[in-house]
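One file, target-v8.cif, is given below (mmCIF, C-alpha atoms (C1' of nucleotides)).
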data_target
loop_
_atom_site.label_atom_id
_atom_site.label_comp_id
_atom_site.auth_asym_id
_atom_site.auth_seq_id
_atom_site.Cartn_x
_atom_site.Cartn_y
_atom_site.Cartn_z
CA MET B 1 107.45 108.99 138.20
CA MET B 2 107.45 107.35 134.84
CA GLY B 3 107.33 103.73 135.86
CA ASN B 4 109.60 101.29 134.17
CA LYS B 5 108.36 101.53 130.63
CA GLU B 6 110.76 100.38 127.97
CA PHE B 7 112.13 103.13 125.82
CA HIS B 8 114.02 102.64 122.62
CA THR B 9 115.39 105.02 120.10
CA PHE B 10 113.53 105.35 116.88
CA ARG B 11 116.14 103.22 115.15
CA GLY B 12 115.84 100.61 117.83
CA TYR B 13 112.14 100.23 117.17
CA GLU B 14 112.78 99.86 113.49
CA ILE B 15 115.24 97.09 114.18
CA ILE B 16 112.80 95.32 116.45
CA LYS B 17 110.12 95.36 113.80
CA LYS B 18 112.42 94.40 110.96
CA ASN B 19 112.21 90.65 111.03
CA LYS B 20 110.58 88.35 108.49
CA GLU B 21 109.25 89.97 105.38
CA HIS B 22 108.37 93.16 107.09
CA LEU B 23 108.09 96.11 104.74
CA THR B 24 110.27 99.10 105.51
CA PRO B 25 108.79 102.60 105.24
CA SER B 26 110.37 103.04 101.85
CA MET B 27 109.04 99.76 100.59
CA GLU B 28 105.60 100.77 101.79
CA ASP B 29 105.85 104.00 99.85
CA TYR B 30 106.80 102.13 96.72
CA LEU B 31 104.04 99.61 97.11
CA GLU B 32 101.47 102.27 97.81
CA MET B 33 102.46 104.18 94.71
CA ILE B 34 102.51 101.05 92.59
CA TYR B 35 99.04 100.30 93.85
CA ARG B 36 97.76 103.76 92.92
CA ASN B 37 99.11 103.39 89.41
CA CYS B 38 97.91 99.87 88.89
CA GLN B 39 94.45 100.96 89.91
CA GLU B 40 94.50 103.45 87.08
CA GLU B 41 96.40 101.66 84.36
CA GLY B 42 96.83 98.06 85.39
CA TYR B 43 100.59 98.27 85.53
CA VAL B 44 103.43 100.69 86.00
CA ARG B 45 107.04 100.93 84.85
CA ILE B 46 110.24 101.71 86.69
CA SER B 47 110.72 105.14 85.17
CA LYS B 48 107.22 106.30 85.95
CA LEU B 49 107.42 105.00 89.47
CA ALA B 50 110.77 106.66 90.04
CA GLU B 51 109.42 109.91 88.72
CA LYS B 52 106.34 109.84 90.94
CA LEU B 53 108.36 109.00 94.03
CA ASN B 54 111.05 111.51 93.22
CA VAL B 55 113.85 108.99 93.26
CA LYS B 56 116.25 107.84 90.57
CA ALA B 57 115.48 104.83 88.41
CA SER B 58 118.40 102.97 89.92
CA SER B 59 116.86 103.21 93.36
CA ALA B 60 113.44 102.21 92.11
CA SER B 61 114.90 99.24 90.28
CA LYS B 62 116.55 98.00 93.43
CA THR B 63 113.46 98.29 95.59
CA VAL B 64 111.09 96.85 93.04
CA SER B 65 113.27 93.77 92.83
CA LYS B 66 113.04 93.36 96.57
CA LEU B 67 109.27 93.73 96.55
CA ALA B 68 109.06 91.13 93.80
CA GLU B 69 111.22 88.73 95.77
CA ILE B 70 108.95 89.03 98.77
CA GLY B 71 106.05 88.21 96.53
CA HIS B 72 104.19 91.48 96.28
CA LEU B 73 104.93 92.07 92.61
CA ASP B 74 104.98 90.26 89.31
CA TYR B 75 108.10 91.58 87.75
CA GLU B 76 110.97 90.47 85.66
CA LYS B 77 113.88 92.49 84.38
CA TYR B 78 112.99 95.20 81.89
CA GLY B 79 109.34 94.26 82.13
CA ILE B 80 106.24 95.90 83.49
CA ILE B 81 105.30 95.97 87.14
CA ARG B 82 102.08 94.35 88.27
CA LEU B 83 100.73 93.49 91.68
CA THR B 84 100.29 89.94 92.83
CA THR B 85 97.20 89.16 94.88
CA LYS B 86 99.29 89.58 97.97
CA GLY B 87 100.55 92.93 96.74
CA GLU B 88 97.05 93.99 95.86
CA ILE B 89 95.82 93.33 99.36
CA MET B 90 98.77 95.07 100.94
CA GLY B 91 98.47 98.02 98.56
CA ALA B 92 94.81 98.47 99.37
CA PHE B 93 95.64 98.49 103.05
CA LEU B 94 98.39 101.02 102.57
CA LEU B 95 96.23 103.36 100.54
CA ASP B 96 93.41 103.12 103.02
CA ARG B 97 95.80 103.86 105.84
CA HIS B 98 97.16 106.83 103.96
CA GLU B 99 93.71 108.23 103.38
CA THR B 100 92.78 107.70 106.99
CA VAL B 101 95.73 109.67 108.23
CA GLU B 102 95.20 112.37 105.65
CA ALA B 103 91.55 112.76 106.57
CA PHE B 104 92.42 112.96 110.24
CA LEU B 105 95.01 115.66 109.70
CA ARG B 106 92.52 117.69 107.73
CA HIS B 107 89.91 117.23 110.44
CA ILE B 108 92.17 118.75 113.04
CA GLY B 109 93.06 121.64 110.82
CA VAL B 110 96.42 120.81 109.30
CA LEU B 111 96.61 122.48 105.93
CA ASP B 112 99.83 122.97 104.02
CA THR B 113 101.76 120.02 105.29
CA VAL B 114 99.10 117.34 105.10
CA LEU B 115 100.71 115.26 102.39
CA LEU B 116 104.18 115.59 103.82
CA GLU B 117 103.16 114.54 107.28
CA THR B 118 100.86 111.79 106.12
CA GLU B 119 103.72 110.20 104.24
CA LEU B 120 105.92 110.39 107.29
CA ILE B 121 103.51 109.25 109.94
CA GLU B 122 101.56 106.51 108.23
CA HIS B 123 104.33 103.95 108.37
CA TYR B 124 104.37 103.88 112.11
CA LEU B 125 100.75 103.31 112.93
CA SER B 126 99.55 99.91 114.02
CA ILE B 127 96.46 98.43 112.45
CA ASP B 128 94.67 99.07 115.69
CA THR B 129 95.58 102.74 115.75
CA VAL B 130 94.58 103.22 112.14
CA LYS B 131 91.26 101.73 113.01
CA ASN B 132 90.85 104.04 115.96
CA ILE B 133 91.67 107.05 113.85
CA LYS B 134 89.23 105.86 111.24
CA ILE B 135 86.53 105.66 113.87
CA LEU B 136 87.38 109.14 115.08
CA ASN B 137 87.18 110.42 111.51
CA GLU B 138 83.80 108.86 110.98
CA PHE B 139 82.58 110.12 114.29
CA LEU B 140 83.59 113.66 113.40
CA THR B 141 82.18 113.42 109.92
CA ASN B 142 78.86 112.26 111.33
CA SER B 143 78.77 114.91 114.02
CA PRO B 144 78.82 118.28 112.35
CA GLU B 145 77.92 119.90 115.65
CA VAL B 146 81.00 118.45 117.30
CA LEU B 147 83.19 119.57 114.43
CA GLU B 148 81.64 122.98 114.76
CA LYS B 149 82.41 123.11 118.46
CA LEU B 150 85.95 121.97 117.77
CA ARG B 151 86.42 124.71 115.20
CA HIS B 152 85.08 127.21 117.69
CA PHE B 153 87.30 125.89 120.44
CA LYS B 154 90.29 126.13 118.13
CA ALA B 155 89.44 129.65 117.09
CA ASN B 156 89.52 130.75 120.70
CA TYR B 157 92.56 128.75 121.63
CA ASP B 158 95.15 131.40 121.02
CA ASP B 159 93.24 133.90 123.12
CA ARG B 160 93.23 131.53 126.06
CA ASN B 161 96.82 130.43 125.48
CA PRO B 162 98.99 133.36 124.53
CA PRO B 163 102.43 132.48 123.20
CA ALA B 164 104.85 131.42 125.93
CA CYS B 165 106.59 134.36 127.60
CA GLY B 166 103.97 136.57 126.05
CA ARG B 167 102.62 139.76 127.56
CA MET G 1 92.46 111.89 89.77
CA MET G 2 95.08 112.72 92.29
CA GLY G 3 96.35 115.96 90.90
CA ASN G 4 100.04 116.57 90.64
CA LYS G 5 101.01 116.44 94.26
CA GLU G 6 104.63 115.77 94.97
CA PHE G 7 105.28 112.37 96.47
CA HIS G 8 108.53 111.29 97.95
CA THR G 9 109.56 108.14 99.63
CA PHE G 10 109.94 108.26 103.34
CA ARG G 11 113.70 108.41 102.97
CA GLY G 12 113.38 111.24 100.53
CA TYR G 13 111.54 113.33 103.06
CA GLU G 14 114.18 112.66 105.62
CA ILE G 15 116.83 113.81 103.21
CA ILE G 16 114.91 116.97 102.43
CA LYS G 17 114.60 117.85 106.09
CA LYS G 18 118.16 116.97 106.93
CA ASN G 19 119.94 120.21 106.26
CA LYS G 20 121.42 122.61 108.80
CA GLU G 21 121.44 121.35 112.34
CA HIS G 22 118.27 119.39 112.01
CA LEU G 23 117.89 116.66 114.61
CA THR G 24 117.32 113.16 113.33
CA PRO G 25 114.70 110.95 114.98
CA SER G 26 117.40 109.19 116.96
CA MET G 27 118.94 112.41 118.12
CA GLU G 28 115.52 113.56 119.23
CA ASP G 29 115.08 110.41 121.26
CA TYR G 30 118.40 110.94 122.96
CA LEU G 31 117.70 114.56 123.69
CA GLU G 32 114.26 113.78 125.03
CA MET G 33 115.65 111.15 127.35
CA ILE G 34 118.48 113.39 128.48
CA TYR G 35 115.90 116.04 129.23
CA ARG G 36 113.79 113.66 131.32
CA ASN G 37 116.82 112.66 133.36
CA CYS G 38 118.15 116.14 133.82
CA GLN G 39 114.77 117.21 135.11
CA GLU G 40 115.08 114.60 137.82
CA GLU G 41 118.76 114.66 138.65
CA GLY G 42 120.32 117.63 136.94
CA TYR G 43 122.60 115.54 134.78
CA VAL G 44 122.94 112.11 133.26
CA ARG G 45 125.80 109.83 132.25
CA ILE G 46 126.44 107.83 129.13
CA SER G 47 125.84 104.45 130.72
CA LYS G 48 122.52 105.43 132.24
CA LEU G 49 121.36 107.01 129.02
CA ALA G 50 122.35 103.96 127.01
CA GLU G 51 120.52 101.72 129.42
CA LYS G 52 117.33 103.77 129.30
CA LEU G 53 117.36 103.92 125.54
CA ASN G 54 118.26 100.28 125.15
CA VAL G 55 121.37 100.94 123.11
CA LYS G 56 125.01 100.21 123.79
CA ALA G 57 127.26 102.78 125.42
CA SER G 58 129.28 103.10 122.24
CA SER G 59 126.24 104.27 120.33
CA ALA G 60 125.24 106.68 123.05
CA SER G 61 128.74 108.10 123.17
CA LYS G 62 128.70 108.81 119.45
CA THR G 63 125.32 110.52 119.46
CA VAL G 64 125.96 112.52 122.61
CA SER G 65 129.09 113.94 121.01
CA LYS G 66 127.07 115.03 118.02
CA LEU G 67 124.44 116.68 120.18
CA ALA G 68 127.17 118.49 122.06
CA GLU G 69 128.74 119.71 118.83
CA ILE G 70 125.43 121.15 117.72
CA GLY G 71 125.21 122.97 120.99
CA HIS G 72 122.46 121.15 122.81
CA LEU G 73 124.67 119.67 125.49
CA ASP G 74 127.48 120.59 127.81
CA TYR G 75 129.70 117.60 127.60
CA GLU G 76 133.30 116.68 127.51
CA LYS G 77 134.88 113.29 127.30
CA TYR G 78 134.28 111.06 130.29
CA GLY G 79 132.25 113.76 131.98
CA ILE G 80 128.63 114.23 132.88
CA ILE G 81 125.95 115.28 130.44
CA ARG G 82 124.05 118.51 131.02
CA LEU G 83 121.73 120.50 128.84
CA THR G 84 122.64 123.90 127.51
CA THR G 85 119.89 126.50 127.40
CA LYS G 86 119.31 125.58 123.81
CA GLY G 87 119.07 121.91 124.71
CA GLU G 88 116.75 122.70 127.57
CA ILE G 89 114.36 124.49 125.28
CA MET G 90 114.50 121.76 122.69
CA GLY G 91 114.09 119.04 125.29
CA ALA G 92 111.03 120.71 126.76
CA PHE G 93 109.52 120.89 123.31
CA LEU G 94 110.26 117.24 122.63
CA LEU G 95 108.77 116.07 125.89
CA ASP G 96 105.68 118.16 125.39
CA ARG G 97 105.30 116.77 121.90
CA HIS G 98 105.67 113.27 123.21
CA GLU G 99 103.02 113.81 125.85
CA THR G 100 100.70 115.37 123.33
CA VAL G 101 100.89 112.40 121.02
CA GLU G 102 100.57 109.98 123.88
CA ALA G 103 97.49 111.72 125.23
CA PHE G 104 95.94 111.74 121.80
CA LEU G 105 96.47 108.03 121.29
CA ARG G 106 94.89 107.32 124.64
CA HIS G 107 91.95 109.54 123.78
CA ILE G 108 91.20 107.55 120.68
CA GLY G 109 91.46 104.29 122.52
CA VAL G 110 94.92 102.94 121.74
CA LEU G 111 96.04 100.87 124.67
CA ASP G 112 98.91 98.43 124.53
CA THR G 113 101.02 100.11 121.90
CA VAL G 114 100.82 103.70 123.07
CA LEU G 115 104.45 104.12 124.01
CA LEU G 116 105.73 102.28 120.98
CA GLU G 117 103.68 104.31 118.55
CA THR G 118 104.27 107.59 120.28
CA GLU G 119 108.00 107.08 119.96
CA LEU G 120 107.66 106.31 116.30
CA ILE G 121 105.22 108.98 115.27
CA GLU G 122 106.32 111.98 117.24
CA HIS G 123 109.38 112.69 115.15
CA TYR G 124 107.37 113.38 112.08
CA LEU G 125 104.88 115.90 113.30
CA SER G 126 105.28 119.54 112.49
CA ILE G 127 104.92 122.11 115.21
CA ASP G 128 101.64 123.09 113.66
CA THR G 129 100.29 119.57 113.76
CA VAL G 130 101.38 119.05 117.35
CA LYS G 131 99.53 122.20 118.22
CA ASN G 132 96.43 121.01 116.44
CA ILE G 133 96.55 117.68 118.23
CA LYS G 134 97.03 119.51 121.50
CA ILE G 135 93.94 121.55 120.82
CA LEU G 136 92.00 118.43 120.00
CA ASN G 137 93.16 116.84 123.24
CA GLU G 138 92.10 119.83 125.25
CA PHE G 139 88.82 119.99 123.45
CA LEU G 140 88.11 116.37 124.25
CA THR G 141 89.25 116.71 127.82
CA ASN G 142 86.96 119.67 128.29
CA SER G 143 83.99 117.99 126.65
CA PRO G 144 83.16 114.86 128.57
CA GLU G 145 79.92 114.58 126.66
CA VAL G 146 81.75 114.45 123.36
CA LEU G 147 84.16 111.86 124.69
CA GLU G 148 81.18 109.90 125.89
CA LYS G 149 79.58 110.06 122.46
CA LEU G 150 82.84 109.00 120.87
CA ARG G 151 83.12 106.04 123.17
CA HIS G 152 79.57 105.09 122.36
CA PHE G 153 80.19 105.50 118.64
CA LYS G 154 83.24 103.34 118.91
CA ALA G 155 81.43 100.66 120.85
CA ASN G 156 78.90 100.35 118.07
CA TYR G 157 81.40 100.57 115.27
CA ASP G 158 82.00 96.89 114.81
CA ASP G 159 78.31 96.18 114.59
CA ARG G 160 77.92 98.66 111.77
CA ASN G 161 81.14 97.58 110.07
CA PRO G 162 81.53 93.84 110.19
CA PRO G 163 84.96 92.51 109.25
CA ALA G 164 85.67 92.62 105.53
CA CYS G 165 84.35 89.60 103.64
CA GLY G 166 82.23 88.84 106.65
CA ARG G 167 78.82 87.14 106.58
"C1'" DA N 1 149.27 104.50 146.22
"C1'" DT N 2 148.21 100.81 143.40
"C1'" DC N 3 145.67 98.00 140.79
"C1'" DA N 4 141.10 95.79 139.50
"C1'" DT N 5 136.86 97.08 137.76
"C1'" DA N 6 133.69 100.08 135.80
"C1'" DA N 7 132.81 103.65 132.53
"C1'" DG N 8 133.68 105.72 128.21
"C1'" DT N 9 135.74 106.05 123.56
"C1'" DT N 10 137.40 104.53 119.12
"C1'" DA N 11 137.75 101.79 115.13
"C1'" DG N 12 135.75 98.89 112.17
"C1'" DC N 13 131.70 96.38 110.44
"C1'" DC N 14 126.72 95.99 108.92
"C1'" DT N 15 122.21 97.51 106.82
"C1'" DA N 16 118.86 100.36 104.27
"C1'" DG N 17 118.24 103.39 100.91
"C1'" DG N 18 119.58 107.17 98.52
"C1'" DG N 19 122.72 108.87 94.17
"C1'" DA N 20 126.07 108.75 89.89
"C1'" DA N 21 128.21 106.54 86.24
"C1'" DA N 22 128.77 102.91 83.24
"C1'" DC N 23 126.79 99.25 81.07
"C1'" DT N 24 122.86 96.46 78.82
"C1'" DT N 25 118.44 95.89 76.83
"C1'" DT N 26 114.50 97.55 74.47
"C1'" DT N 27 112.14 100.63 71.60
"C1'" DT N 28 111.60 103.73 67.99
"C1'" DC N 29 111.91 105.60 63.55
"C1'" DA N 30 114.07 106.90 59.19
"C1'" DT W 1 116.86 96.83 59.46
"C1'" DG W 2 120.06 99.16 61.83
"C1'" DA W 3 121.45 103.06 64.66
"C1'" DA W 4 120.11 106.48 68.15
"C1'" DA W 5 117.50 107.20 72.11
"C1'" DA W 6 115.17 105.69 76.00
"C1'" DA W 7 114.59 102.56 79.70
"C1'" DG W 8 116.50 99.59 83.04
"C1'" DT W 9 120.30 97.47 85.62
"C1'" DT W 10 124.67 97.06 87.99
"C1'" DT W 11 128.39 98.57 90.51
"C1'" DC W 12 130.23 101.51 93.60
"C1'" DC W 13 129.90 105.22 96.87
"C1'" DC W 14 127.70 107.90 100.87
"C1'" DT W 15 125.19 108.53 105.40
"C1'" DA W 16 123.00 107.37 109.85
"C1'" DG W 17 122.93 104.58 113.52
"C1'" DG W 18 123.08 100.35 115.29
"C1'" DC W 19 126.79 96.60 117.07
"C1'" DT W 20 131.35 94.34 118.83
"C1'" DA W 21 135.96 94.38 120.23
"C1'" DA W 22 139.83 96.65 121.72
"C1'" DC W 23 141.64 100.43 123.90
"C1'" DT W 24 141.74 104.38 127.42
"C1'" DT W 25 140.36 106.78 131.50
"C1'" DA W 26 138.30 107.10 136.01
"C1'" DT W 27 137.01 105.16 140.38
"C1'" DG W 28 137.20 102.77 144.55
"C1'" DA W 29 139.01 99.26 147.78
"C1'" DT W 30 142.75 97.55 150.08
#

Re-express the file's structure as structure tokens.
Amino acid sequence: MMGNKEFHTFRGYEIIKKNKEHLTPSMEDYLEMIYRNCQEEGYVRISKLAEKLNVKASSASKTVSKLAEIGHLDYEKYGIIRLTTKGEIMGAFLLDRHETVEAFLRHIGVLDTVLLETELIEHYLSIDTVKNIKILNEFLTNSPEVLEKLRHFKANYDDRNPPACGR
Amino acid sequence: MMGNKEFHTFRGYEIIKKNKEHLTPSMEDYLEMIYRNCQEEGYVRISKLAEKLNVKASSASKTVSKLAEIGHLDYEKYGIIRLTTKGEIMGAFLLDRHETVEAFLRHIGVLDTVLLETELIEHYLSIDTVKNIKILNEFLTNSPEVLEKLRHFKANYDDRNPPACGR
DNA sequence: ATCATAAGTTAGCCTAGGGAAACTTTTTCA
DNA sequence: TGAAAAAGTTTCCCTAGGCTAACTTATGAT
């Protein structure tokens, strides 16, 4: 009995969200990385950005132009990339969101794939959900005894739940 | 100082994962929905699937053919859609993953957007992460006192953290 | 049994975002 | 200062997964 909730495919959701000057996941990745670099050096260039994001310069060039059009970047051909105030605010949000997700994944015991999964998940969290995760993170950080219990619970989990078809 | 971690854009990750018979997010959505329907009625048809996923029949037809090629479905032109054993196993996994994410979001207090975000996030979680979230869910379910503390912590959060630039 | 309608498929188009290759601009340095 | 190298851009191509329109197959009612 699943009620009459509205399902959409992943792509469908993306299309729904895509109006106005909505940032796509890729654009968010670019902006986040630009923000990181501008924090350190005040600006960044296409080649460096492309290198850090593991894409080709041609792709970076294209996307940076889009971000500039939307008003997140100060950029003109062959020049350096800087954030506008708008871009600065957005970048700070994106980085914070990233760190929130990353911290959460570490809290629950994800190890090797933290960065990979953070990058994938972060784009799809609403502001509200990020906030809720942030609260959970803080709650756990401030409650070492709870974290301890969780670790204990986790350690015993496999004993209580043997692999399916086990025995 | 962020070390020399490897960043990729969202798209880049997708491309990395995309080898072999990897299911794309859309294909996962289709398979999950097919699984839900087959649980209830044993089979499903293109038109019903398209309706439930809010896509056109032409799109559903295309994707179903792909899923059949990969061996998840028993399907031939104009016929009914059934799961193969392989598809059954995959579908069960997908549904479980979905429910795990959904339960987690509810635990942390996400309300209105639960379905939307579940659909978006689920595709990007590794098996390991799903398992960790599952453990967290169980832990919380089994520890009403912790959940109570979390709710309390959350209730007080805004007092301790006034909106940015507040005052 | 036939024919209208419903269901499904195919072909062709669109978009984002990747890449390669060719071209242009900028920088460097002898 | 001028030529080679590096950096950036443009054009064109590819893929997935939507869509529409046109076509094909299946169904059901008389």

For this session: Specify as a list of chain:residue names each residue included when the PyMOL selection byres ((chain G) within 7 of (chain B)) is applied to this file.
Result: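 Selected by the PyMOL selection byres ((chain G) within 7 of (chain B)) in this file: G:Phe7, G:His8, G:Thr9, G:Phe10, G:Arg11, G:Pro25, G:Ser26, G:Asp29, G:Lys52, G:Leu53, G:Asn54, G:Ile108, G:Gly109, G:Val110, G:Glu117, G:Glu119, G:Leu120, G:Ile121, G:Tyr124, G:Leu125, G:Thr129, G:Asn132, G:Ile133, G:Ile135, G:Leu136, G:Phe139, G:Leu150, G:Phe153, G:Lys154.
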
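Candidate residues W:DT30, W:DT15, W:DT25, W:DT9 were compared for distance to DC3 of chain N, and the nearest is W:DT30, using only C-alpha atoms (C1' of nucleotides).
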
For this session: Report the residues retrieved by the PyMOL selection byres ((chain N) within 10 of (chain G)) from the displayed file, expressed as a list of chain:residue names.
Result: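 Checked against the file, the PyMOL selection byres ((chain N) within 10 of (chain G)) matches N:DA7, N:DG8, N:DT9, N:DT10, N:DA16, N:DG17, N:DG18.
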
With C-alpha atoms (C1' of nucleotides) kept, could you save the residues just selected as a compact mmCIF listing (two decimals), keeping the file's coordinate frame?
# COMPACT_ATOMS: atom_id res chain seq x y z
C1' DA N 7 132.81 103.65 132.53
C1' DG N 8 133.68 105.72 128.21
C1' DT N 9 135.74 106.05 123.56
C1' DT N 10 137.40 104.53 119.12
C1' DA N 16 118.86 100.36 104.27
C1' DG N 17 118.24 103.39 100.91
C1' DG N 18 119.58 107.17 98.52

For this session: Compute the set of chain W residues within 12 Å of chain B, using only C-alpha atoms (C1' of nucleotides), and express it as number ranges by chain.
Result: W: 6-11, 16-19

For this session: Enumerate, as a list of chain:residue names, the residues matched when the PyMOL selection byres ((chain B and resi 68-76) around 10) is run on the file above.
Result: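 Checked against the file, the PyMOL selection byres ((chain B and resi 68-76) around 10) matches B:Lys20, B:Glu21, B:His22, B:Leu23, B:Leu31, B:Ile34, B:Tyr43, B:Arg45, B:Thr63, B:Val64, B:Ser65, B:Lys66, B:Leu67, B:Lys77, B:Tyr78, B:Gly79, B:Ile80, B:Ile81, B:Arg82, B:Leu83, B:Thr84, B:Thr85, B:Lys86, B:Gly87, B:Glu88, B:Ile89, B:Met90, B:Gly91.
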
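For DG12 of chain N, the residues within 12 Å (counting all atoms listed in the file, excluding itself and residues fewer than 5 positions away along the chain) are DC19, DT20, DA21 and DA22 of chain W.
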
Exercise. Which distance in Å separates atom CA of Asp96 of chain G and atom CA of Ile127 of chain G, to one decimal?
Worked result: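 Atom CA of Asp96 of chain G sits 10.9 Å away from atom CA of Ile127 of chain G.
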
For this session: Calculate how many Å separate atom CA of Glu148 of chain B from atom CA of Asp159 of chain G, rounding to one decimal.
Result: 27.0 Å

For this session: Calculate how many Å separate atom CA of Glu41 of chain B from atom CA of His98 of chain B, rounding to one decimal.
Result: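 Distance reported for this atom pair: 20.3 Å.
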
Taking every listed atom of segment 8-16 of chain N and adding 4 Å to each side, what centre and edge lengths in Å (one decimal) does the axis-aligned box have, as JSON?
{"center_x": 128.3, "center_y": 101.0, "center_z": 116.2, "size_x": 26.9, "size_y": 18.1, "size_z": 31.9}

Exercise. Contacts of DC29 of chain N at 12 Å or less, counting all atoms listed in the file, minus same-chain residues fewer than 6 places along, as number ranges by chain?
Worked result: W: 1-5

Repaired coordinates for segment 6-12 of chain G (all heavy atoms) as a JSON list (two decimals), in the frame of the given file:
[["chain", "number", "residue", "atom", "x", "y", "z"],
["G", 6, "GLU", "N", 103.26, 116.28, 94.97],
["G", 6, "GLU", "CA", 104.63, 115.77, 94.97],
["G", 6, "GLU", "C", 104.79, 114.66, 96.00],
["G", 6, "GLU", "O", 104.70, 114.89, 97.19],
["G", 6, "GLU", "CB", 105.59, 116.89, 95.34],
["G", 6, "GLU", "CG", 105.89, 117.86, 94.23],
["G", 6, "GLU", "CD", 106.85, 117.26, 93.23],
["G", 6, "GLU", "OE1", 108.00, 117.02, 93.59],
["G", 6, "GLU", "OE2", 106.42, 117.03, 92.07],
["G", 7, "PHE", "N", 105.03, 113.47, 95.55],
["G", 7, "PHE", "CA", 105.28, 112.37, 96.47],
["G", 7, "PHE", "C", 106.78, 112.15, 96.61],
["G", 7, "PHE", "O", 107.54, 112.40, 95.70],
["G", 7, "PHE", "CB", 104.64, 111.08, 95.98],
["G", 7, "PHE", "CG", 103.18, 111.02, 96.28],
["G", 7, "PHE", "CD1", 102.26, 111.57, 95.43],
["G", 7, "PHE", "CD2", 102.74, 110.40, 97.45],
["G", 7, "PHE", "CE1", 100.91, 111.52, 95.72],
["G", 7, "PHE", "CE2", 101.39, 110.34, 97.73],
["G", 7, "PHE", "CZ", 100.48, 110.91, 96.87],
["G", 8, "HIS", "N", 107.15, 111.69, 97.76],
["G", 8, "HIS", "CA", 108.53, 111.29, 97.95],
["G", 8, "HIS", "C", 108.48, 110.04, 98.79],
["G", 8, "HIS", "O", 107.53, 109.80, 99.50],
["G", 8, "HIS", "CB", 109.31, 112.35, 98.72],
["G", 8, "HIS", "CG", 109.42, 113.66, 98.03],
["G", 8, "HIS", "ND1", 108.38, 114.58, 98.04],
["G", 8, "HIS", "CD2", 110.40, 114.21, 97.29],
["G", 8, "HIS", "CE1", 108.76, 115.64, 97.34],
["G", 8, "HIS", "NE2", 109.98, 115.44, 96.88],
["G", 9, "THR", "N", 109.53, 109.26, 98.70],
["G", 9, "THR", "CA", 109.56, 108.14, 99.63],
["G", 9, "THR", "C", 109.90, 108.71, 100.99],
["G", 9, "THR", "O", 110.39, 109.83, 101.12],
["G", 9, "THR", "CB", 110.63, 107.11, 99.28],
["G", 9, "THR", "OG1", 111.89, 107.72, 99.39],
["G", 9, "THR", "CG2", 110.41, 106.57, 97.89],
["G", 10, "PHE", "N", 109.63, 107.91, 101.97],
["G", 10, "PHE", "CA", 109.94, 108.26, 103.34],
["G", 10, "PHE", "C", 111.37, 108.78, 103.47],
["G", 10, "PHE", "O", 111.63, 109.83, 104.04],
["G", 10, "PHE", "CB", 109.75, 107.00, 104.17],
["G", 10, "PHE", "CG", 110.23, 107.13, 105.56],
["G", 10, "PHE", "CD1", 109.43, 107.73, 106.51],
["G", 10, "PHE", "CD2", 111.48, 106.67, 105.90],
["G", 10, "PHE", "CE1", 109.88, 107.86, 107.80],
["G", 10, "PHE", "CE2", 111.93, 106.80, 107.19],
["G", 10, "PHE", "CZ", 111.13, 107.40, 108.14],
["G", 11, "ARG", "N", 112.28, 108.04, 102.91],
["G", 11, "ARG", "CA", 113.70, 108.41, 102.97],
["G", 11, "ARG", "C", 113.94, 109.77, 102.33],
["G", 11, "ARG", "O", 114.72, 110.58, 102.80],
["G", 11, "ARG", "CB", 114.51, 107.34, 102.23],
["G", 11, "ARG", "CG", 116.00, 107.43, 102.47],
["G", 11, "ARG", "CD", 116.33, 106.71, 103.73],
["G", 11, "ARG", "NE", 117.74, 106.76, 104.04],
["G", 11, "ARG", "CZ", 118.30, 105.98, 104.94],
["G", 11, "ARG", "NH1", 117.55, 105.12, 105.60],
["G", 11, "ARG", "NH2", 119.58, 106.07, 105.20],
["G", 12, "GLY", "N", 113.24, 109.98, 101.23],
["G", 12, "GLY", "CA", 113.38, 111.24, 100.53],
["G", 12, "GLY", "C", 113.02, 112.42, 101.41],
["G", 12, "GLY", "O", 113.71, 113.44, 101.42]]
